[in-house]
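Text of entry-v5.cif (mmCIF, C-alpha atoms, pLDDT in the B column; chains and numbers go by the auth columns) as supplied:
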```cif
data_structure
loop_
_atom_site.group_PDB
_atom_site.id
_atom_site.type_symbol
_atom_site.label_atom_id
_atom_site.label_comp_id
_atom_site.label_asym_id
_atom_site.label_seq_id
_atom_site.Cartn_x
_atom_site.Cartn_y
_atom_site.Cartn_z
_atom_site.B_iso_or_equiv
_atom_site.auth_seq_id
_atom_site.auth_asym_id
ATOM 1 C CA GLN A 1 -16.367 2.777 11.631 86.00 2 S
ATOM 2 C CA VAL A 2 -13.292 1.362 9.905 90.00 3 S
ATOM 3 C CA GLN A 3 -10.201 3.544 10.120 93.00 4 S
ATOM 4 C CA LEU A 4 -6.906 3.132 8.291 95.00 5 S
ATOM 5 C CA VAL A 5 -3.791 4.849 9.574 94.00 6 S
ATOM 6 C CA GLU A 6 -0.800 5.010 7.273 95.00 7 S
ATOM 7 C CA SER A 7 2.779 5.825 8.149 94.00 8 S
ATOM 8 C CA GLY A 8 6.286 5.589 6.755 96.00 9 S
ATOM 9 C CA GLY A 9 6.353 7.974 3.825 94.00 10 S
ATOM 10 C CA GLY A 10 9.042 10.576 3.305 97.00 11 S
ATOM 11 C CA LEU A 11 11.892 11.836 1.171 98.00 12 S
ATOM 12 C CA VAL A 12 14.595 9.450 0.027 98.00 13 S
ATOM 13 C CA GLN A 13 17.345 9.451 -2.586 98.00 14 S
ATOM 14 C CA ALA A 14 17.176 7.221 -5.610 98.00 15 S
ATOM 15 C CA GLY A 15 18.319 3.726 -4.723 98.00 16 S
ATOM 16 C CA GLY A 16 17.130 4.078 -1.163 98.00 17 S
ATOM 17 C CA SER A 17 14.424 2.256 0.773 98.00 18 S
ATOM 18 C CA LEU A 18 11.264 3.057 2.671 98.00 19 S
ATOM 19 C CA ARG A 19 8.718 0.944 4.518 98.00 20 S
ATOM 20 C CA LEU A 20 5.065 1.921 4.578 98.00 21 S
ATOM 21 C CA SER A 21 2.604 0.647 7.162 98.00 22 S
ATOM 22 C CA CYS A 22 -1.178 0.743 7.300 97.00 23 S
ATOM 23 C CA ALA A 23 -3.099 -0.309 10.394 96.00 24 S
ATOM 24 C CA ALA A 24 -6.825 -1.005 10.203 94.00 25 S
ATOM 25 C CA SER A 25 -9.161 -0.707 13.166 90.00 26 S
ATOM 26 C CA GLY A 26 -12.853 -0.562 13.939 86.00 27 S
ATOM 27 C CA SER A 27 -14.124 -3.564 11.994 84.00 28 S
ATOM 28 C CA ARG A 28 -16.048 -6.464 13.476 83.00 29 S
ATOM 29 C CA PHE A 29 -15.468 -8.513 10.338 84.00 30 S
ATOM 30 C CA SER A 30 -12.455 -10.263 8.881 87.00 31 S
ATOM 31 C CA ILE A 31 -10.268 -8.409 6.460 91.00 32 S
ATOM 32 C CA ASN A 32 -9.994 -9.941 3.018 93.00 33 S
ATOM 33 C CA ALA A 33 -7.429 -8.405 0.690 96.00 34 S
ATOM 34 C CA MET A 34 -5.070 -5.588 1.669 97.00 35 S
ATOM 35 C CA GLY A 35 -3.129 -3.526 -0.790 97.00 36 S
ATOM 36 C CA TRP A 36 -1.408 -0.373 -1.912 98.00 37 S
ATOM 37 C CA TYR A 37 -2.142 2.076 -4.705 98.00 38 S
ATOM 38 C CA ARG A 38 -0.342 5.257 -5.652 98.00 39 S
ATOM 39 C CA GLN A 39 -1.078 8.493 -7.440 98.00 40 S
ATOM 40 C CA PRO A 40 1.901 10.178 -9.114 97.00 41 S
ATOM 41 C CA PRO A 41 1.762 13.955 -9.642 96.00 42 S
ATOM 42 C CA GLY A 42 -0.685 14.815 -12.411 96.00 43 S
ATOM 43 C CA LYS A 43 -1.667 11.186 -12.999 97.00 44 S
ATOM 44 C CA GLN A 44 -4.424 8.815 -12.019 98.00 45 S
ATOM 45 C CA ARG A 45 -4.272 6.446 -9.090 98.00 46 S
ATOM 46 C CA GLU A 46 -2.682 3.120 -10.016 98.00 47 S
ATOM 47 C CA PHE A 47 -2.342 -0.331 -8.515 98.00 48 S
ATOM 48 C CA VAL A 48 0.937 -1.169 -6.769 98.00 49 S
ATOM 49 C CA ALA A 49 0.516 -4.404 -4.815 98.00 50 S
ATOM 50 C CA ARG A 50 -2.064 -6.601 -3.108 98.00 51 S
ATOM 51 C CA ILE A 51 -1.982 -9.469 -0.649 98.00 52 S
ATOM 52 C CA ASP A 52 -4.909 -11.809 -0.117 95.00 53 S
ATOM 53 C CA SER A 53 -6.045 -13.240 3.198 92.00 54 S
ATOM 54 C CA GLY A 54 -4.244 -16.462 2.329 92.00 55 S
ATOM 55 C CA GLY A 55 -0.961 -14.660 1.739 93.00 56 S
ATOM 56 C CA ASP A 56 -0.879 -14.671 -2.060 97.00 57 S
ATOM 57 C CA SER A 57 0.631 -11.435 -3.345 98.00 58 S
ATOM 58 C CA TYR A 58 0.405 -9.550 -6.626 98.00 59 S
ATOM 59 C CA TYR A 59 2.458 -6.665 -7.986 98.00 60 S
ATOM 60 C CA SER A 60 2.388 -4.196 -10.812 98.00 61 S
ATOM 61 C CA ASP A 61 5.130 -4.763 -13.366 98.00 62 S
ATOM 62 C CA SER A 62 6.719 -1.436 -12.467 98.00 63 S
ATOM 63 C CA VAL A 63 7.509 -2.485 -8.884 98.00 64 S
ATOM 64 C CA LYS A 64 7.945 -6.248 -9.191 98.00 65 S
ATOM 65 C CA GLY A 65 11.275 -7.326 -7.781 98.00 66 S
ATOM 66 C CA ARG A 66 11.759 -4.073 -5.849 98.00 67 S
ATOM 67 C CA PHE A 67 8.718 -3.861 -3.566 98.00 68 S
ATOM 68 C CA THR A 68 7.449 -6.485 -1.124 98.00 69 S
ATOM 69 C CA ILE A 69 4.001 -6.498 0.426 98.00 70 S
ATOM 70 C CA SER A 70 3.288 -8.325 3.674 98.00 71 S
ATOM 71 C CA ARG A 71 0.640 -8.382 6.360 97.00 72 S
ATOM 72 C CA ASP A 72 0.296 -9.124 10.055 95.00 73 S
ATOM 73 C CA ASN A 73 -3.212 -10.449 10.568 93.00 74 S
ATOM 74 C CA ALA A 74 -2.967 -10.252 14.350 93.00 75 S
ATOM 75 C CA LYS A 75 -2.354 -6.512 14.053 94.00 76 S
ATOM 76 C CA ASN A 76 -4.617 -5.931 11.014 94.00 77 S
ATOM 77 C CA THR A 77 -1.631 -4.237 9.413 96.00 78 S
ATOM 78 C CA VAL A 78 -0.238 -4.282 5.901 97.00 79 S
ATOM 79 C CA TYR A 79 3.305 -3.270 5.000 98.00 80 S
ATOM 80 C CA LEU A 80 5.037 -2.230 1.815 98.00 81 S
ATOM 81 C CA GLN A 81 8.808 -2.571 1.778 98.00 82 S
ATOM 82 C CA MET A 82 10.132 -0.436 -1.061 98.00 83 S
ATOM 83 C CA ASN A 83 13.729 -0.976 -2.169 98.00 84 S
ATOM 84 C CA SER A 84 15.769 0.417 -5.046 98.00 85 S
ATOM 85 C CA LEU A 85 13.474 3.397 -5.240 98.00 86 S
ATOM 86 C CA LYS A 86 13.379 5.454 -8.414 98.00 87 S
ATOM 87 C CA PRO A 87 12.255 9.041 -9.027 97.00 88 S
ATOM 88 C CA GLU A 88 9.259 7.659 -10.925 97.00 89 S
ATOM 89 C CA ASP A 89 8.086 6.036 -7.691 98.00 90 S
ATOM 90 C CA THR A 90 7.299 9.515 -6.381 98.00 91 S
ATOM 91 C CA ALA A 91 3.597 9.573 -5.522 98.00 92 S
ATOM 92 C CA VAL A 92 1.021 9.666 -2.787 98.00 93 S
ATOM 93 C CA TYR A 93 0.620 6.079 -1.621 98.00 94 S
ATOM 94 C CA TYR A 94 -2.791 4.877 -0.461 98.00 95 S
ATOM 95 C CA CYS A 95 -3.585 1.804 1.560 97.00 96 S
ATOM 96 C CA ASN A 96 -6.660 -0.187 0.510 97.00 97 S
ATOM 97 C CA VAL A 97 -8.433 -2.742 2.682 96.00 98 S
ATOM 98 C CA GLN A 98 -11.255 -4.982 1.542 95.00 99 S
ATOM 99 C CA ILE A 99 -13.818 -5.961 4.138 91.00 100 S
ATOM 100 C CA ILE A 100 -16.497 -7.576 2.038 84.00 101 S
ATOM 101 C CA PRO A 101 -18.500 -5.987 0.549 87.00 102 S
ATOM 102 C CA GLN A 102 -16.711 -2.658 0.945 90.00 103 S
ATOM 103 C CA ASN A 103 -13.317 -1.186 0.167 93.00 104 S
ATOM 104 C CA TYR A 104 -11.689 1.266 2.530 95.00 105 S
ATOM 105 C CA TRP A 105 -8.944 3.761 1.775 96.00 106 S
ATOM 106 C CA GLY A 106 -6.243 5.341 3.884 95.00 107 S
ATOM 107 C CA GLN A 107 -5.571 9.073 3.881 95.00 108 S
ATOM 108 C CA GLY A 108 -2.431 8.719 1.784 96.00 109 S
ATOM 109 C CA THR A 109 1.234 9.182 2.554 97.00 110 S
ATOM 110 C CA GLN A 110 3.698 11.081 0.372 97.00 111 S
ATOM 111 C CA VAL A 111 6.755 9.313 -0.983 98.00 112 S
ATOM 112 C CA THR A 112 9.292 11.490 -2.773 98.00 113 S
ATOM 113 C CA VAL A 113 12.359 10.021 -4.448 98.00 114 S
ATOM 114 C CA SER A 114 15.055 12.497 -5.452 97.00 115 S
ATOM 115 C CA SER A 115 17.483 11.815 -8.276 94.00 116 S
#
```
For the structure just supplied, provide its representation as structure tokens.
Amino acid sequence: QVQLVESGGGLVQAGGSLRLSCAASGSRFSINAMGWYRQPPGKQREFVARIDSGGDSYYSDSVKGRFTISRDNAKNTVYLQMNSLKPEDTAVYYCNVQIIPQNYWGQGTQVTVSS
């Protein structure tokens, strides 16, 4: 049974930084893509960033230049470094891990950015 454990959320002032982590365990198979999504209050879940097994990364326009996704394959862990945070970044952030043919989701971690 694949498990994803997220950490690193919290409350921060606008302009501040946070680093999210998501560690995957329990899989006998290689992890393909790893990524982050978020769900702002009252809105639908949206894509934030993704990193492929080869290290190629992709970002939503709203976070490009401020957020950096990375992964440690030896630890089956994906990170999201969030800088220059804005109040509109406030959301529950979910880790997503693709182990073909399935997608797995973390439990979510709250990020709140105060103005």
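Take the candidates S:Ile32, S:Gln14, S:Gly56, S:Leu19 and check each one against S:Asn104 using all atoms listed in the file; the shortest distance goes to S:Ile32.
Interatomic distance, atom CA of S:Gln45 to atom CA of S:Arg72: 25.7 Å.
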Residue among S:Gly43, S:Gly16, S:Gly36, S:Gly55 lying closest to S:Thr78, counting all atoms listed in the file = S:Gly36
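Among the candidate residues S:Gly9, S:Ser18, S:Ser63, S:Val98, the one lying nearest to S:Glu47 is S:Ser63, with distances computed using all atoms listed in the file.
Ranking S:Met35, S:Cys23, S:Ile100, S:Ala75 by their shortest atom-to-atom distance to S:Val3, with all atoms listed in the file included, puts S:Ile100 first.
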With distances taken over all atoms listed in the file, the candidate from S:Gln82, S:Ser61, S:Tyr95, S:Leu5 nearest S:Trp37 is S:Tyr95
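Among the candidates S:Asn33, S:Ser58, S:Ser116, S:Gln40, the one nearest to S:Ser85 when counting only C-alpha atoms is S:Ser116.
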Skip S:Gln2 itself and residues of its chain fewer than 5 positions away, then list as a list in words all residues within 9 Å of it, counting all atoms listed in the file.
-> Ser26, Gly27 and Ser28 of chain S
Tell me which residues the PyMOL selection byres ((chain S and resi 96) around 12) grabs here, as a ChimeraX atom specification.
-> /S:4-10,21-25,34-40,46-52,70,78-81,93-95,97-99,104-111
Need a file for stretch 3-116 of chain S from that block: C-alpha atoms, written as an mmCIF file, in the first residue's frame.
```
data_model
loop_
_atom_site.group_PDB
_atom_site.id
_atom_site.type_symbol
_atom_site.label_atom_id
_atom_site.label_comp_id
_atom_site.auth_asym_id
_atom_site.auth_seq_id
_atom_site.Cartn_x
_atom_site.Cartn_y
_atom_site.Cartn_z
ATOM 1 C CA VAL S 3 1.505 3.299 -1.133
ATOM 2 C CA GLN S 4 1.533 6.024 1.499
ATOM 3 C CA LEU S 5 2.382 9.694 1.070
ATOM 4 C CA VAL S 6 3.320 11.793 4.071
ATOM 5 C CA GLU S 7 3.371 15.545 3.644
ATOM 6 C CA SER S 8 4.941 18.132 5.899
ATOM 7 C CA GLY S 9 5.998 21.762 5.938
ATOM 8 C CA GLY S 10 2.782 23.735 5.746
ATOM 9 C CA GLY S 11 1.932 26.586 8.074
ATOM 10 C CA LEU S 12 1.235 30.276 8.479
ATOM 11 C CA VAL S 13 3.560 32.821 6.922
ATOM 12 C CA GLN S 14 3.444 36.524 6.107
ATOM 13 C CA ALA S 15 3.308 37.744 2.552
ATOM 14 C CA GLY S 16 6.774 37.742 1.036
ATOM 15 C CA GLY S 17 7.881 34.858 3.197
ATOM 16 C CA SER S 18 8.935 31.321 2.317
ATOM 17 C CA LEU S 19 7.913 27.777 3.105
ATOM 18 C CA ARG S 20 9.198 24.382 2.016
ATOM 19 C CA LEU S 21 6.836 21.459 1.592
ATOM 20 C CA SER S 22 7.967 17.843 1.589
ATOM 21 C CA CYS S 23 6.206 14.655 0.559
ATOM 22 C CA ALA S 24 7.707 11.235 1.208
ATOM 23 C CA ALA S 25 6.352 8.168 -0.570
ATOM 24 C CA SER S 26 6.640 4.655 0.809
ATOM 25 C CA GLY S 27 5.226 1.200 0.250
ATOM 26 C CA SER S 28 5.698 0.817 -3.498
ATOM 27 C CA ARG S 29 7.631 -1.967 -5.177
ATOM 28 C CA PHE S 30 7.658 -0.041 -8.444
ATOM 29 C CA SER S 31 9.514 3.016 -9.659
ATOM 30 C CA ILE S 32 7.935 6.393 -9.231
ATOM 31 C CA ASN S 33 7.292 8.301 -12.428
ATOM 32 C CA ALA S 34 6.164 11.898 -12.045
ATOM 33 C CA MET S 35 5.812 13.684 -8.706
ATOM 34 C CA GLY S 36 3.952 16.905 -8.235
ATOM 35 C CA TRP S 37 1.940 19.359 -6.211
ATOM 36 C CA TYR S 38 -1.623 20.604 -6.522
ATOM 37 C CA ARG S 39 -3.524 23.029 -4.342
ATOM 38 C CA GLN S 40 -7.101 23.827 -3.458
ATOM 39 C CA PRO S 41 -7.791 27.428 -2.421
ATOM 40 C CA PRO S 42 -10.792 28.100 -0.163
ATOM 41 C CA GLY S 43 -14.026 27.707 -2.108
ATOM 42 C CA LYS S 44 -12.251 26.738 -5.331
ATOM 43 C CA GLN S 45 -11.348 23.610 -7.224
ATOM 44 C CA ARG S 46 -8.042 21.820 -6.952
ATOM 45 C CA GLU S 47 -5.459 23.202 -9.373
ATOM 46 C CA PHE S 48 -2.070 22.206 -10.716
ATOM 47 C CA VAL S 49 0.989 23.849 -9.152
ATOM 48 C CA ALA S 50 4.113 22.005 -10.291
ATOM 49 C CA ARG S 51 5.366 18.648 -11.540
ATOM 50 C CA ILE S 52 8.739 16.992 -11.940
ATOM 51 C CA ASP S 53 9.300 13.973 -14.153
ATOM 52 C CA SER S 54 11.553 11.030 -13.381
ATOM 53 C CA GLY S 55 14.192 12.569 -15.628
ATOM 54 C CA GLY S 56 14.144 15.844 -13.717
ATOM 55 C CA ASP S 57 12.152 17.989 -16.139
ATOM 56 C CA SER S 58 9.894 20.367 -14.228
ATOM 57 C CA TYR S 59 6.705 22.225 -15.088
ATOM 58 C CA TYR S 60 4.909 25.047 -13.301
ATOM 59 C CA SER S 61 1.625 26.862 -13.411
ATOM 60 C CA ASP S 62 1.934 30.451 -14.589
ATOM 61 C CA SER S 63 0.822 31.711 -11.187
ATOM 62 C CA VAL S 64 3.850 30.265 -9.370
ATOM 63 C CA LYS S 65 6.534 30.296 -12.062
ATOM 64 C CA GLY S 66 9.604 32.134 -10.866
ATOM 65 C CA ARG S 67 8.582 31.907 -7.198
ATOM 66 C CA PHE S 68 8.237 28.173 -6.538
ATOM 67 C CA THR S 69 10.797 25.441 -7.201
ATOM 68 C CA ILE S 70 10.026 21.741 -7.297
ATOM 69 C CA SER S 71 12.718 19.133 -6.711
ATOM 70 C CA ARG S 72 12.962 15.467 -5.856
ATOM 71 C CA ASP S 73 15.305 13.062 -4.109
ATOM 72 C CA ASN S 74 14.872 9.708 -5.806
ATOM 73 C CA ALA S 75 16.877 7.866 -3.163
ATOM 74 C CA LYS S 76 14.377 9.029 -0.546
ATOM 75 C CA ASN S 77 11.280 8.899 -2.801
ATOM 76 C CA THR S 78 10.626 12.466 -1.709
ATOM 77 C CA VAL S 79 9.425 15.534 -3.559
ATOM 78 C CA TYR S 80 9.887 19.089 -2.319
ATOM 79 C CA LEU S 81 8.257 22.400 -3.095
ATOM 80 C CA GLN S 82 10.240 25.492 -2.174
ATOM 81 C CA MET S 83 7.835 28.422 -2.090
ATOM 82 C CA ASN S 84 9.302 31.931 -2.051
ATOM 83 C CA SER S 85 7.733 35.375 -2.285
ATOM 84 C CA LEU S 86 4.462 33.977 -1.046
ATOM 85 C CA LYS S 87 1.270 35.907 -1.675
ATOM 86 C CA PRO S 88 -2.104 35.788 0.086
ATOM 87 C CA GLU S 89 -3.552 34.168 -3.039
ATOM 88 C CA ASP S 90 -1.225 31.214 -2.464
ATOM 89 C CA THR S 91 -3.334 30.306 0.564
ATOM 90 C CA ALA S 92 -4.645 26.784 -0.005
ATOM 91 C CA VAL S 93 -4.447 23.170 1.009
ATOM 92 C CA TYR S 94 -1.489 21.727 -0.876
ATOM 93 C CA TYR S 95 -1.617 18.115 -2.041
ATOM 94 C CA CYS S 96 1.255 15.947 -3.141
ATOM 95 C CA ASN S 97 0.653 13.717 -6.172
ATOM 96 C CA VAL S 98 2.784 10.725 -7.120
ATOM 97 C CA GLN S 99 2.427 8.721 -10.303
ATOM 98 C CA ILE S 100 3.310 5.053 -10.125
ATOM 99 C CA ILE S 101 2.065 3.775 -13.443
ATOM 100 C CA PRO S 102 -0.787 3.144 -13.916
ATOM 101 C CA GLN S 103 -2.077 4.845 -10.772
ATOM 102 C CA ASN S 104 -1.941 8.271 -9.179
ATOM 103 C CA TYR S 105 -1.635 8.647 -5.436
ATOM 104 C CA TRP S 106 -2.510 11.658 -3.315
ATOM 105 C CA GLY S 107 -1.225 12.945 -0.009
ATOM 106 C CA GLN S 108 -3.534 13.994 2.810
ATOM 107 C CA GLY S 109 -2.943 17.691 2.200
ATOM 108 C CA THR S 110 -1.141 20.360 4.168
ATOM 109 C CA GLN S 111 -2.495 23.840 4.868
ATOM 110 C CA VAL S 112 -0.551 26.876 3.719
ATOM 111 C CA THR S 113 -1.855 30.239 4.887
ATOM 112 C CA VAL S 114 -0.287 33.496 3.746
ATOM 113 C CA SER S 115 -1.305 36.602 5.678
ATOM 114 C CA SER S 116 -1.206 40.064 4.148
#
```
